[in-house]
>>> print(open('data.cif').read())   # mmCIF, C-alpha atoms, pLDDT in the B column; chains and numbers go by the auth columns
data_my_file
loop_
_atom_site.group_PDB
_atom_site.id
_atom_site.type_symbol
_atom_site.label_atom_id
_atom_site.label_comp_id
_atom_site.label_asym_id
_atom_site.label_seq_id
_atom_site.Cartn_x
_atom_site.Cartn_y
_atom_site.Cartn_z
_atom_site.B_iso_or_equiv
_atom_site.auth_seq_id
_atom_site.auth_asym_id
ATOM 1 C CA MET A 1 21.457 -13.440 -7.623 82.00 1 A
ATOM 2 C CA SER A 2 24.241 -10.900 -8.150 93.00 2 A
ATOM 3 C CA HIS A 3 22.420 -8.334 -6.026 98.00 3 A
ATOM 4 C CA LYS A 4 21.015 -9.309 -2.643 98.00 4 A
ATOM 5 C CA VAL A 5 17.584 -8.012 -1.716 98.00 5 A
ATOM 6 C CA SER A 6 15.723 -7.413 1.531 98.00 6 A
ATOM 7 C CA ALA A 7 11.957 -7.774 1.508 98.00 7 A
ATOM 8 C CA VAL A 8 10.549 -5.246 3.990 98.00 8 A
ATOM 9 C CA LEU A 9 7.032 -5.124 5.433 98.00 9 A
ATOM 10 C CA ILE A 10 5.137 -3.279 8.143 98.00 10 A
ATOM 11 C CA ALA A 11 2.251 -5.188 9.660 97.00 11 A
ATOM 12 C CA TYR A 12 -0.401 -5.345 12.357 96.00 12 A
ATOM 13 C CA ASN A 13 -2.779 -8.290 12.874 95.00 13 A
ATOM 14 C CA GLU A 14 -2.461 -9.592 9.299 95.00 14 A
ATOM 15 C CA ALA A 15 -2.347 -13.320 10.119 95.00 15 A
ATOM 16 C CA ASN A 16 -5.209 -14.000 7.709 92.00 16 A
ATOM 17 C CA ILE A 17 -3.171 -13.051 4.621 94.00 17 A
ATOM 18 C CA ILE A 18 0.486 -12.487 5.498 97.00 18 A
ATOM 19 C CA GLU A 19 1.477 -16.146 5.107 97.00 19 A
ATOM 20 C CA GLU A 20 0.578 -15.967 1.416 97.00 20 A
ATOM 21 C CA THR A 21 2.627 -12.778 1.174 98.00 21 A
ATOM 22 C CA LEU A 22 5.653 -14.380 2.855 98.00 22 A
ATOM 23 C CA LYS A 23 5.441 -17.565 0.767 98.00 23 A
ATOM 24 C CA ALA A 24 6.053 -15.453 -2.315 98.00 24 A
ATOM 25 C CA LEU A 25 9.144 -13.860 -0.717 98.00 25 A
ATOM 26 C CA THR A 26 11.115 -16.936 0.335 98.00 26 A
ATOM 27 C CA TRP A 27 13.646 -16.366 -2.461 98.00 27 A
ATOM 28 C CA CYS A 28 14.691 -13.008 -0.921 98.00 28 A
ATOM 29 C CA ASP A 29 17.955 -12.865 1.056 98.00 29 A
ATOM 30 C CA GLU A 30 16.130 -11.609 4.139 98.00 30 A
ATOM 31 C CA ILE A 31 12.607 -10.661 5.185 98.00 31 A
ATOM 32 C CA VAL A 32 12.284 -7.750 7.610 98.00 32 A
ATOM 33 C CA VAL A 33 8.965 -7.201 9.384 98.00 33 A
ATOM 34 C CA VAL A 34 8.209 -4.216 11.611 98.00 34 A
ATOM 35 C CA ASP A 35 5.154 -5.173 13.640 98.00 35 A
ATOM 36 C CA SER A 36 2.987 -2.668 15.508 97.00 36 A
ATOM 37 C CA GLY A 37 2.115 -5.105 18.305 97.00 37 A
ATOM 38 C CA SER A 38 -0.025 -7.771 16.679 97.00 38 A
ATOM 39 C CA THR A 39 -2.279 -9.804 18.983 97.00 39 A
ATOM 40 C CA ASP A 40 -3.200 -12.517 16.467 96.00 40 A
ATOM 41 C CA LYS A 41 -1.002 -15.404 15.257 96.00 41 A
ATOM 42 C CA SER A 42 1.279 -13.176 13.174 97.00 42 A
ATOM 43 C CA GLN A 43 4.380 -13.843 15.291 97.00 43 A
ATOM 44 C CA GLU A 44 4.058 -17.602 14.723 97.00 44 A
ATOM 45 C CA ILE A 45 3.906 -17.033 10.978 98.00 45 A
ATOM 46 C CA TYR A 46 6.937 -14.705 11.031 98.00 46 A
ATOM 47 C CA ALA A 47 8.940 -17.413 12.820 98.00 47 A
ATOM 48 C CA LYS A 48 7.894 -20.008 10.244 97.00 48 A
ATOM 49 C CA TYR A 49 9.475 -17.912 7.483 98.00 49 A
ATOM 50 C CA ASN A 50 12.562 -16.928 9.478 97.00 50 A
ATOM 51 C CA CYS A 51 11.723 -13.229 9.401 98.00 51 A
ATOM 52 C CA LYS A 52 13.749 -10.581 11.161 98.00 52 A
ATOM 53 C CA VAL A 53 11.045 -9.065 13.386 98.00 53 A
ATOM 54 C CA LEU A 54 11.075 -5.749 15.217 98.00 54 A
ATOM 55 C CA VAL A 55 8.193 -4.385 17.268 98.00 55 A
ATOM 56 C CA ARG A 56 7.583 -0.640 17.034 98.00 56 A
ATOM 57 C CA GLU A 57 4.590 1.477 17.981 97.00 57 A
ATOM 58 C CA PHE A 58 2.839 2.777 14.886 96.00 58 A
ATOM 59 C CA ASP A 59 3.189 6.544 14.389 94.00 59 A
ATOM 60 C CA GLY A 60 2.340 6.899 10.708 94.00 60 A
ATOM 61 C CA PHE A 61 2.948 4.885 7.537 96.00 61 A
ATOM 62 C CA GLY A 62 5.856 6.982 6.301 96.00 62 A
ATOM 63 C CA THR A 63 7.853 6.973 9.530 97.00 63 A
ATOM 64 C CA GLN A 64 7.103 3.291 10.146 98.00 64 A
ATOM 65 C CA LYS A 65 8.372 2.303 6.695 98.00 65 A
ATOM 66 C CA ASP A 66 11.397 4.598 6.996 98.00 66 A
ATOM 67 C CA PHE A 67 12.370 2.792 10.190 98.00 67 A
ATOM 68 C CA ALA A 68 11.751 -0.593 8.568 98.00 68 A
ATOM 69 C CA PHE A 69 13.952 0.255 5.582 98.00 69 A
ATOM 70 C CA SER A 70 16.745 1.337 7.912 97.00 70 A
ATOM 71 C CA GLN A 71 16.777 -2.180 9.418 98.00 71 A
ATOM 72 C CA ALA A 72 17.456 -3.890 6.069 98.00 72 A
ATOM 73 C CA LYS A 73 21.028 -5.073 5.577 98.00 73 A
ATOM 74 C CA ASN A 74 20.978 -4.994 1.761 98.00 74 A
ATOM 75 C CA ASP A 75 21.030 -2.058 -0.629 98.00 75 A
ATOM 76 C CA TRP A 76 18.141 -3.363 -2.714 98.00 76 A
ATOM 77 C CA ILE A 77 14.805 -3.253 -0.922 98.00 77 A
ATOM 78 C CA LEU A 78 11.531 -4.842 -1.981 98.00 78 A
ATOM 79 C CA SER A 79 8.856 -2.919 -0.104 98.00 79 A
ATOM 80 C CA MET A 80 5.685 -4.959 0.339 98.00 80 A
ATOM 81 C CA ASP A 81 2.400 -4.476 2.133 96.00 81 A
ATOM 82 C CA ALA A 82 1.251 -7.381 4.260 96.00 82 A
ATOM 83 C CA ASP A 83 -1.773 -7.953 2.008 96.00 83 A
ATOM 84 C CA GLU A 84 0.096 -8.065 -1.318 97.00 84 A
ATOM 85 C CA VAL A 85 1.117 -11.294 -3.051 98.00 85 A
ATOM 86 C CA LEU A 86 3.672 -11.478 -5.861 98.00 86 A
ATOM 87 C CA SER A 87 2.683 -13.667 -8.795 97.00 87 A
ATOM 88 C CA LYS A 88 5.179 -16.383 -9.713 98.00 88 A
ATOM 89 C CA LYS A 89 5.908 -14.637 -13.019 98.00 89 A
ATOM 90 C CA LEU A 90 6.677 -11.373 -11.206 98.00 90 A
ATOM 91 C CA GLN A 91 8.975 -13.195 -8.764 98.00 91 A
ATOM 92 C CA ASP A 92 10.890 -14.614 -11.720 98.00 92 A
ATOM 93 C CA GLU A 93 11.017 -11.220 -13.401 98.00 93 A
ATOM 94 C CA ILE A 94 12.467 -9.524 -10.310 98.00 94 A
ATOM 95 C CA GLN A 95 15.049 -12.259 -9.787 98.00 95 A
ATOM 96 C CA GLU A 96 16.138 -11.972 -13.406 98.00 96 A
ATOM 97 C CA VAL A 97 16.855 -8.255 -12.946 98.00 97 A
ATOM 98 C CA LEU A 98 18.712 -8.804 -9.673 98.00 98 A
ATOM 99 C CA SER A 99 20.841 -11.460 -11.366 97.00 99 A
ATOM 100 C CA GLN A 100 22.303 -8.908 -13.771 97.00 100 A
ATOM 101 C CA GLU A 101 25.890 -7.911 -13.091 95.00 101 A
ATOM 102 C CA THR A 102 25.010 -4.218 -13.347 96.00 102 A
ATOM 103 C CA ILE A 103 21.583 -2.656 -12.795 98.00 103 A
ATOM 104 C CA GLN A 104 21.180 0.698 -14.534 97.00 104 A
ATOM 105 C CA GLU A 105 17.947 1.547 -12.744 98.00 105 A
ATOM 106 C CA SER A 106 17.528 3.064 -9.297 98.00 106 A
ATOM 107 C CA ALA A 107 14.049 1.580 -8.876 98.00 107 A
ATOM 108 C CA PHE A 108 11.270 -0.448 -10.467 98.00 108 A
ATOM 109 C CA ASN A 109 7.491 -0.162 -10.484 98.00 109 A
ATOM 110 C CA LEU A 110 5.495 -3.302 -9.707 98.00 110 A
ATOM 111 C CA PRO A 111 2.033 -3.519 -11.377 98.00 111 A
ATOM 112 C CA ARG A 112 -0.596 -3.995 -8.647 98.00 112 A
ATOM 113 C CA THR A 113 -4.131 -5.305 -9.135 98.00 113 A
ATOM 114 C CA LEU A 114 -6.822 -4.974 -6.450 97.00 114 A
ATOM 115 C CA ILE A 115 -9.063 -7.928 -5.630 97.00 115 A
ATOM 116 C CA PHE A 116 -12.304 -6.649 -4.061 97.00 116 A
ATOM 117 C CA LEU A 117 -15.359 -8.825 -3.388 97.00 117 A
ATOM 118 C CA ASP A 118 -13.547 -11.547 -5.357 95.00 118 A
ATOM 119 C CA LYS A 119 -13.323 -9.357 -8.470 96.00 119 A
ATOM 120 C CA ARG A 120 -10.400 -7.729 -10.252 96.00 120 A
ATOM 121 C CA ILE A 121 -11.265 -4.025 -10.139 97.00 121 A
ATOM 122 C CA SER A 122 -10.768 -2.265 -13.476 96.00 122 A
ATOM 123 C CA SER A 123 -9.709 1.078 -11.995 96.00 123 A
ATOM 124 C CA GLU A 124 -7.044 -0.667 -9.905 97.00 124 A
ATOM 125 C CA THR A 125 -5.599 -3.112 -12.451 96.00 125 A
ATOM 126 C CA LYS A 126 -1.816 -3.163 -12.925 96.00 126 A
ATOM 127 C CA THR A 127 -1.393 0.201 -11.212 96.00 127 A
ATOM 128 C CA PRO A 128 2.363 0.969 -11.132 97.00 128 A
ATOM 129 C CA CYS A 129 3.703 1.051 -7.568 97.00 129 A
ATOM 130 C CA LEU A 130 7.366 1.838 -6.891 98.00 130 A
ATOM 131 C CA ARG A 131 8.412 -1.008 -4.615 98.00 131 A
ATOM 132 C CA LEU A 132 11.846 -2.297 -5.630 98.00 132 A
ATOM 133 C CA PHE A 133 14.577 0.294 -5.131 98.00 133 A
ATOM 134 C CA ASN A 134 18.188 0.886 -4.193 98.00 134 A
ATOM 135 C CA LYS A 135 18.152 2.574 -0.787 97.00 135 A
ATOM 136 C CA ASN A 136 21.322 4.489 -1.686 97.00 136 A
ATOM 137 C CA LYS A 137 19.298 6.307 -4.363 97.00 137 A
ATOM 138 C CA GLY A 138 16.301 7.376 -2.284 96.00 138 A
ATOM 139 C CA GLY A 139 13.751 6.540 0.385 97.00 139 A
ATOM 140 C CA VAL A 140 10.214 7.006 1.612 98.00 140 A
ATOM 141 C CA THR A 141 8.380 10.243 2.386 97.00 141 A
ATOM 142 C CA LEU A 142 7.342 10.659 6.022 95.00 142 A
ATOM 143 C CA ASP A 143 3.639 11.230 5.353 93.00 143 A
ATOM 144 C CA LYS A 144 1.246 9.729 7.876 91.00 144 A
ATOM 145 C CA VAL A 145 -0.736 8.090 5.066 90.00 145 A
ATOM 146 C CA HIS A 146 -0.268 7.637 1.303 90.00 146 A
ATOM 147 C CA GLU A 147 3.507 7.759 1.681 95.00 147 A
ATOM 148 C CA THR A 148 5.602 7.360 -1.461 96.00 148 A
ATOM 149 C CA ILE A 149 9.084 6.114 -2.317 98.00 149 A
ATOM 150 C CA ARG A 150 11.184 8.664 -4.189 97.00 150 A
ATOM 151 C CA VAL A 151 14.508 8.014 -5.858 98.00 151 A
ATOM 152 C CA GLU A 152 17.041 9.759 -8.035 97.00 152 A
ATOM 153 C CA GLY A 153 17.780 8.045 -11.314 98.00 153 A
ATOM 154 C CA LYS A 154 16.113 5.756 -13.826 98.00 154 A
ATOM 155 C CA ILE A 155 12.878 3.949 -12.974 98.00 155 A
ATOM 156 C CA SER A 156 11.640 0.996 -15.056 98.00 156 A
ATOM 157 C CA ASN A 157 8.439 -1.057 -14.992 98.00 157 A
ATOM 158 C CA PHE A 158 7.903 -4.775 -14.524 98.00 158 A
ATOM 159 C CA LYS A 159 5.262 -6.459 -16.696 98.00 159 A
ATOM 160 C CA ASN A 160 3.782 -9.096 -14.390 98.00 160 A
ATOM 161 C CA GLU A 161 1.451 -8.266 -11.545 97.00 161 A
ATOM 162 C CA MET A 162 1.116 -8.590 -7.817 98.00 162 A
ATOM 163 C CA LEU A 163 -2.336 -9.096 -6.322 98.00 163 A
ATOM 164 C CA HIS A 164 -3.635 -6.808 -3.611 97.00 164 A
ATOM 165 C CA TYR A 165 -6.028 -8.460 -1.136 95.00 165 A
ATOM 166 C CA SER A 166 -6.528 -5.289 0.853 91.00 166 A
ATOM 167 C CA TYR A 167 -9.857 -6.031 2.543 93.00 167 A
ATOM 168 C CA ARG A 168 -10.981 -9.223 4.270 90.00 168 A
ATOM 169 C CA ASN A 169 -14.598 -8.052 4.212 94.00 169 A
ATOM 170 C CA ILE A 170 -16.658 -4.846 4.291 97.00 170 A
ATOM 171 C CA HIS A 171 -16.165 -4.503 8.050 96.00 171 A
ATOM 172 C CA ASP A 172 -12.396 -4.565 7.519 94.00 172 A
ATOM 173 C CA TYR A 173 -12.748 -2.052 4.674 96.00 173 A
ATOM 174 C CA PHE A 174 -14.404 0.486 6.939 97.00 174 A
ATOM 175 C CA ASN A 175 -11.924 -0.109 9.753 95.00 175 A
ATOM 176 C CA LYS A 176 -9.149 0.889 7.345 94.00 176 A
ATOM 177 C CA PHE A 177 -11.322 3.592 5.803 97.00 177 A
ATOM 178 C CA ASN A 178 -11.798 5.240 9.194 97.00 178 A
ATOM 179 C CA ARG A 179 -8.127 4.951 10.073 94.00 179 A
ATOM 180 C CA TYR A 180 -6.843 6.347 6.779 95.00 180 A
ATOM 181 C CA THR A 181 -9.291 9.262 6.591 96.00 181 A
ATOM 182 C CA THR A 182 -8.395 10.290 10.141 96.00 182 A
ATOM 183 C CA LEU A 183 -4.647 10.161 9.472 94.00 183 A
ATOM 184 C CA ALA A 184 -5.086 12.102 6.220 94.00 184 A
ATOM 185 C CA SER A 185 -7.172 14.845 7.847 95.00 185 A
ATOM 186 C CA GLU A 186 -4.635 15.192 10.673 94.00 186 A
ATOM 187 C CA GLU A 187 -1.823 15.527 8.162 92.00 187 A
ATOM 188 C CA TYR A 188 -3.743 18.143 6.184 93.00 188 A
ATOM 189 C CA ILE A 189 -4.370 20.304 9.220 92.00 189 A
ATOM 190 C CA GLU A 190 -0.715 20.031 10.285 90.00 190 A
ATOM 191 C CA ASN A 191 0.261 21.270 6.812 89.00 191 A
ATOM 192 C CA GLY A 192 -2.271 24.119 6.876 89.00 192 A
ATOM 193 C CA LYS A 193 -4.438 22.727 4.070 89.00 193 A
ATOM 194 C CA SER A 194 -8.145 23.413 3.752 90.00 194 A
ATOM 195 C CA LYS A 195 -11.109 22.450 1.571 89.00 195 A
ATOM 196 C CA SER A 196 -14.319 24.415 0.971 91.00 196 A
ATOM 197 C CA LYS A 197 -17.614 22.834 1.962 93.00 197 A
ATOM 198 C CA PHE A 198 -18.920 23.350 -1.572 94.00 198 A
ATOM 199 C CA MET A 199 -16.045 21.314 -3.023 93.00 199 A
ATOM 200 C CA ILE A 200 -16.733 18.557 -0.497 94.00 200 A
ATOM 201 C CA ILE A 201 -20.372 18.411 -1.641 94.00 201 A
ATOM 202 C CA VAL A 202 -19.613 18.190 -5.374 95.00 202 A
ATOM 203 C CA ARG A 203 -16.675 15.800 -4.912 95.00 203 A
ATOM 204 C CA LEU A 204 -18.805 12.685 -4.345 96.00 204 A
ATOM 205 C CA PRO A 205 -20.735 12.565 -7.674 96.00 205 A
ATOM 206 C CA ILE A 206 -17.672 13.659 -9.668 97.00 206 A
ATOM 207 C CA THR A 207 -15.467 10.968 -8.126 97.00 207 A
ATOM 208 C CA PHE A 208 -18.136 8.296 -8.560 98.00 208 A
ATOM 209 C CA ILE A 209 -18.432 9.063 -12.274 98.00 209 A
ATOM 210 C CA GLN A 210 -14.633 8.981 -12.619 97.00 210 A
ATOM 211 C CA PHE A 211 -14.399 5.516 -11.113 98.00 211 A
ATOM 212 C CA TYR A 212 -17.590 3.892 -12.385 98.00 212 A
ATOM 213 C CA ILE A 213 -17.739 5.272 -15.939 98.00 213 A
ATOM 214 C CA ILE A 214 -14.381 6.744 -16.951 97.00 214 A
ATOM 215 C CA ARG A 215 -12.147 4.172 -15.250 97.00 215 A
ATOM 216 C CA GLY A 216 -14.380 1.257 -16.212 97.00 216 A
ATOM 217 C CA CYS A 217 -15.631 -0.141 -12.898 98.00 217 A
ATOM 218 C CA PHE A 218 -19.064 -0.687 -14.467 97.00 218 A
ATOM 219 C CA LEU A 219 -17.436 -3.688 -16.142 97.00 219 A
ATOM 220 C CA ASN A 220 -16.962 -5.329 -12.735 97.00 220 A
ATOM 221 C CA GLY A 221 -20.665 -5.641 -11.928 97.00 221 A
ATOM 222 C CA PHE A 222 -21.814 -5.197 -8.341 98.00 222 A
ATOM 223 C CA ALA A 223 -18.238 -5.175 -6.970 98.00 223 A
ATOM 224 C CA GLY A 224 -17.329 -2.346 -9.355 98.00 224 A
ATOM 225 C CA PHE A 225 -20.363 -0.315 -8.316 98.00 225 A
ATOM 226 C CA ILE A 226 -19.582 -0.714 -4.604 98.00 226 A
ATOM 227 C CA TRP A 227 -15.886 0.085 -5.124 98.00 227 A
ATOM 228 C CA SER A 228 -16.813 3.257 -7.044 98.00 228 A
ATOM 229 C CA LEU A 229 -19.291 4.291 -4.361 98.00 229 A
ATOM 230 C CA PHE A 230 -16.836 3.721 -1.504 98.00 230 A
ATOM 231 C CA SER A 231 -14.036 5.469 -3.428 98.00 231 A
ATOM 232 C CA ALA A 232 -16.286 8.497 -3.973 97.00 232 A
ATOM 233 C CA PHE A 233 -17.237 8.554 -0.300 97.00 233 A
ATOM 234 C CA TYR A 234 -13.588 8.468 0.861 97.00 234 A
ATOM 235 C CA PRO A 235 -12.574 12.087 0.054 96.00 235 A
ATOM 236 C CA VAL A 236 -15.879 13.396 1.394 96.00 236 A
ATOM 237 C CA VAL A 237 -15.223 11.814 4.795 97.00 237 A
ATOM 238 C CA LYS A 238 -11.551 12.790 4.759 96.00 238 A
ATOM 239 C CA TYR A 239 -12.285 16.466 4.115 96.00 239 A
ATOM 240 C CA THR A 240 -15.257 16.530 6.489 96.00 240 A
ATOM 241 C CA LYS A 241 -12.942 15.292 9.237 97.00 241 A
ATOM 242 C CA LEU A 242 -10.604 18.149 8.308 96.00 242 A
ATOM 243 C CA VAL A 243 -13.474 20.631 8.699 94.00 243 A
ATOM 244 C CA GLU A 244 -14.330 19.071 12.070 94.00 244 A
ATOM 245 C CA LEU A 245 -10.715 19.332 13.272 93.00 245 A
ATOM 246 C CA LYS A 246 -10.627 23.012 12.331 91.00 246 A
ATOM 247 C CA MET A 247 -13.877 23.641 14.236 90.00 247 A
ATOM 248 C CA GLN A 248 -12.452 21.896 17.311 91.00 248 A
ATOM 249 C CA ARG A 249 -9.316 24.062 17.246 85.00 249 A
ATOM 250 C CA LYS A 250 -11.158 27.384 17.121 75.00 250 A
#
>>> encode(input="data.cif", output="structure tokens")
Amino acid sequence: MSHKVSAVLIAYNEANIIEETLKALTWCDEIVVVDSGSTDKSQEIYAKYNCKVLVREFDGFGTQKDFAFSQAKNDWILSMDADEVLSKKLQDEIQEVLSQETIQESAFNLPRTLIFLDKRISSETKTPCLRLFNKNKGGVTLDKVHETIRVEGKISNFKNEMLHYSYRNIHDYFNKFNRYTTLASEEYIENGKSKSKFMIIVRLPITFIQFYIIRGCFLNGFAGFIWSLFSAFYPVVKYTKLVELKMQRK
């Protein structure tokens, strides 16, 4: 390829899925992994794929990814989560772009599809995620959770998808659910944000209808119903934790 690329991941105890992720990245010029102190077999898998591994205590998704990006030796960075797997067609599509003599874009969106309870979820099908970017044109926000990559310049979209195997099982879902809602509520209180109790109450049915009816999750059967229910429950818990934090600080 004319332009070298560094695949960059942050990870913690993802041995169950990360090998599939790394298999789809072997064409990259380097793979950088920032690990938060995994206690499973992750380190053995990193070694198998010749990853550049750094261990760093987790202090938020944005700051962790910012550090990880700074360790990449190439200008072009492919930011991946440990539970995402590039399809072969998307790998080919990315390599074709990086083989061009000149790339006009600063970044590219990768279409991501969630697999939940062995179903493709309609509300999360081919969602554009900015993941391939030139680090000279931008970087990641330092948010504790739901960080985003922002760049200056043209952004284009790839056509082929990557699959997101975010949850091993329901137990794993709620482990992440609890972690993310706590981080989000902490960030809100640090930024002085608030939410009325009335809005918390009405949020659940409104969000459920958005996911299940408007965004088409009813087409996914039982998995779509559960995903819609959990997605509606998420902001309620997040904002209730914010209310609790405010009560504790009085």
>>> closest_residue(input="data.cif", among="A:Ile209, A:Leu98, A:Val34, A:Val8", to="Leu78 in chain A", atoms="all atoms listed in the file")
A:Val8
>>> atom_distance(input="data.cif", atom1="CA of Asn109 in chain A", atom2="CA of Met80 in chain A")
12.0 Å
>>> residues_near_point(input="data.cif", point="(0.7, -3.0, -7.3)", cutoff="12 Å", atoms="only C-alpha atoms", output="ChimeraX atom specification")
/A:79-81,83-87,90,108-115,124-132,157-166
>>> write_last_selection(input="data.cif", atoms="C-alpha atoms", output="mmCIF file, in the coordinates of the input")
data_model
loop_
_atom_site.group_PDB
_atom_site.id
_atom_site.type_symbol
_atom_site.label_atom_id
_atom_site.label_comp_id
_atom_site.auth_asym_id
_atom_site.auth_seq_id
_atom_site.Cartn_x
_atom_site.Cartn_y
_atom_site.Cartn_z
ATOM 1 C CA SER A 79 8.856 -2.919 -0.104
ATOM 2 C CA MET A 80 5.685 -4.959 0.339
ATOM 3 C CA ASP A 81 2.400 -4.476 2.133
ATOM 4 C CA ASP A 83 -1.773 -7.953 2.008
ATOM 5 C CA GLU A 84 0.096 -8.065 -1.318
ATOM 6 C CA VAL A 85 1.117 -11.294 -3.051
ATOM 7 C CA LEU A 86 3.672 -11.478 -5.861
ATOM 8 C CA SER A 87 2.683 -13.667 -8.795
ATOM 9 C CA LEU A 90 6.677 -11.373 -11.206
ATOM 10 C CA PHE A 108 11.270 -0.448 -10.467
ATOM 11 C CA ASN A 109 7.491 -0.162 -10.484
ATOM 12 C CA LEU A 110 5.495 -3.302 -9.707
ATOM 13 C CA PRO A 111 2.033 -3.519 -11.377
ATOM 14 C CA ARG A 112 -0.596 -3.995 -8.647
ATOM 15 C CA THR A 113 -4.131 -5.305 -9.135
ATOM 16 C CA LEU A 114 -6.822 -4.974 -6.450
ATOM 17 C CA ILE A 115 -9.063 -7.928 -5.630
ATOM 18 C CA GLU A 124 -7.044 -0.667 -9.905
ATOM 19 C CA THR A 125 -5.599 -3.112 -12.451
ATOM 20 C CA LYS A 126 -1.816 -3.163 -12.925
ATOM 21 C CA THR A 127 -1.393 0.201 -11.212
ATOM 22 C CA PRO A 128 2.363 0.969 -11.132
ATOM 23 C CA CYS A 129 3.703 1.051 -7.568
ATOM 24 C CA LEU A 130 7.366 1.838 -6.891
ATOM 25 C CA ARG A 131 8.412 -1.008 -4.615
ATOM 26 C CA LEU A 132 11.846 -2.297 -5.630
ATOM 27 C CA ASN A 157 8.439 -1.057 -14.992
ATOM 28 C CA PHE A 158 7.903 -4.775 -14.524
ATOM 29 C CA LYS A 159 5.262 -6.459 -16.696
ATOM 30 C CA ASN A 160 3.782 -9.096 -14.390
ATOM 31 C CA GLU A 161 1.451 -8.266 -11.545
ATOM 32 C CA MET A 162 1.116 -8.590 -7.817
ATOM 33 C CA LEU A 163 -2.336 -9.096 -6.322
ATOM 34 C CA HIS A 164 -3.635 -6.808 -3.611
ATOM 35 C CA TYR A 165 -6.028 -8.460 -1.136
ATOM 36 C CA SER A 166 -6.528 -5.289 0.853
#
>>> resolve_selection(input="data.cif", expression="the PyMOL selection byres ((chain A and resi 238-240) around 8)", output="JSON, numbers by chain")
{"A": [181, 182, 184, 185, 195, 200, 234, 235, 236, 237, 241, 242, 243, 244]}
>>> axis_aligned_box(input="data.cif", around="range 120-129 of chain A", padding_each_side="6 Å", output="AutoDock Vina command-line options")
--center_x -3.8 --center_y -3.3 --center_z -10.5 --size_x 27.0 --size_y 20.8 --size_z 17.9
>>> resolve_selection(input="data.cif", expression="the PyMOL selection byres ((chain A and resi 222) around 12)", output="PyMOL selection string")
chain A and resi 116-121+212+217-221+223-229
>>> write_last_selection(input="data.cif", atoms="C-alpha atoms", output="PDB file, in the frame of the given file")
ATOM      1  CA  PHE A 116     -12.304  -6.649  -4.061  1.00 97.00           C
ATOM      2  CA  LEU A 117     -15.359  -8.825  -3.388  1.00 97.00           C
ATOM      3  CA  ASP A 118     -13.547 -11.547  -5.357  1.00 95.00           C
ATOM      4  CA  LYS A 119     -13.323  -9.357  -8.470  1.00 96.00           C
ATOM      5  CA  ARG A 120     -10.400  -7.729 -10.252  1.00 96.00           C
ATOM      6  CA  ILE A 121     -11.265  -4.025 -10.139  1.00 97.00           C
ATOM      7  CA  TYR A 212     -17.590   3.892 -12.385  1.00 98.00           C
ATOM      8  CA  CYS A 217     -15.631  -0.141 -12.898  1.00 98.00           C
ATOM      9  CA  PHE A 218     -19.064  -0.687 -14.467  1.00 97.00           C
ATOM     10  CA  LEU A 219     -17.436  -3.688 -16.142  1.00 97.00           C
ATOM     11  CA  ASN A 220     -16.962  -5.329 -12.735  1.00 97.00           C
ATOM     12  CA  GLY A 221     -20.665  -5.641 -11.928  1.00 97.00           C
ATOM     13  CA  ALA A 223     -18.238  -5.175  -6.970  1.00 98.00           C
ATOM     14  CA  GLY A 224     -17.329  -2.346  -9.355  1.00 98.00           C
ATOM     15  CA  PHE A 225     -20.363  -0.315  -8.316  1.00 98.00           C
ATOM     16  CA  ILE A 226     -19.582  -0.714  -4.604  1.00 98.00           C
ATOM     17  CA  TRP A 227     -15.886   0.085  -5.124  1.00 98.00           C
ATOM     18  CA  SER A 228     -16.813   3.257  -7.044  1.00 98.00           C
ATOM     19  CA  LEU A 229     -19.291   4.291  -4.361  1.00 98.00           C
TER      20      LEU A 229
END
>>> residues_around(input="data.cif", residues="Asn134 in chain A", least_positions_apart="4", cutoff="10 Å", atoms="only C-alpha atoms", output="list of chain:residue names")
A:Val5, A:Asn74, A:Asp75, A:Trp76, A:Ile77, A:Leu78, A:Ile103, A:Glu105, A:Ser106, A:Ala107, A:Phe108, A:Gly138, A:Gly139, A:Val151, A:Glu152
>>> residues_around(input="data.cif", residues="Pro205 in chain A", least_positions_apart="5", cutoff="10 Å", atoms="all atoms listed in the file", output="list in words")
Gln210, Leu229, Ala232 and Phe233 of chain A
>>> resolve_selection(input="data.cif", expression="the PyMOL selection byres ((chain A and resi 54-67) around 8)", output="MDAnalysis selection string")
chainID A and resid 9:10 32:37 52:53 68:71 139:148 183
>>> atom_distance(input="data.cif", atom1="CA of Asn178 in chain A", atom2="CA of Ser231 in chain A")
12.8 Å
>>> residues_around(input="data.cif", residues="Thr39 in chain A", least_positions_apart="6", cutoff="12 Å", atoms="all atoms listed in the file", output="PDB file with C-alpha atoms, in the frame of the given file")
ATOM      1  CA  ALA A  11       2.251  -5.188   9.660  1.00 97.00           C
ATOM      2  CA  TYR A  12      -0.401  -5.345  12.357  1.00 96.00           C
ATOM      3  CA  ASN A  13      -2.779  -8.290  12.874  1.00 95.00           C
ATOM      4  CA  GLU A  14      -2.461  -9.592   9.299  1.00 95.00           C
ATOM      5  CA  ALA A  15      -2.347 -13.320  10.119  1.00 95.00           C
ATOM      6  CA  VAL A  55       8.193  -4.385  17.268  1.00 98.00           C
TER       7      VAL A  55
END
>>> atom_distance(input="data.cif", atom1="CA of Ala72 in chain A", atom2="CA of Glu30 in chain A")
8.1 Å
>>> residues_around(input="data.cif", residues="Gln100 in chain A", least_positions_apart="2", cutoff="8 Å", atoms="only C-alpha atoms", output="PyMOL selection string")
chain A and resi 1-3+96-98+102-103
>>> closest_residue(input="data.cif", among="A:Lys88, A:Lys135, A:Arg179, A:Lys4", to="Cys28 in chain A", atoms="only C-alpha atoms")
A:Lys4
>>> closest_residue(input="data.cif", among="A:Tyr173, A:Phe230, A:Met199, A:Leu245", to="Glu187 in chain A", atoms="only C-alpha atoms")
A:Leu245
>>> closest_residue(input="data.cif", among="A:Asp29, A:Glu101, A:Glu20, A:Glu190", to="Tyr46 in chain A", atoms="only C-alpha atoms")
A:Glu20
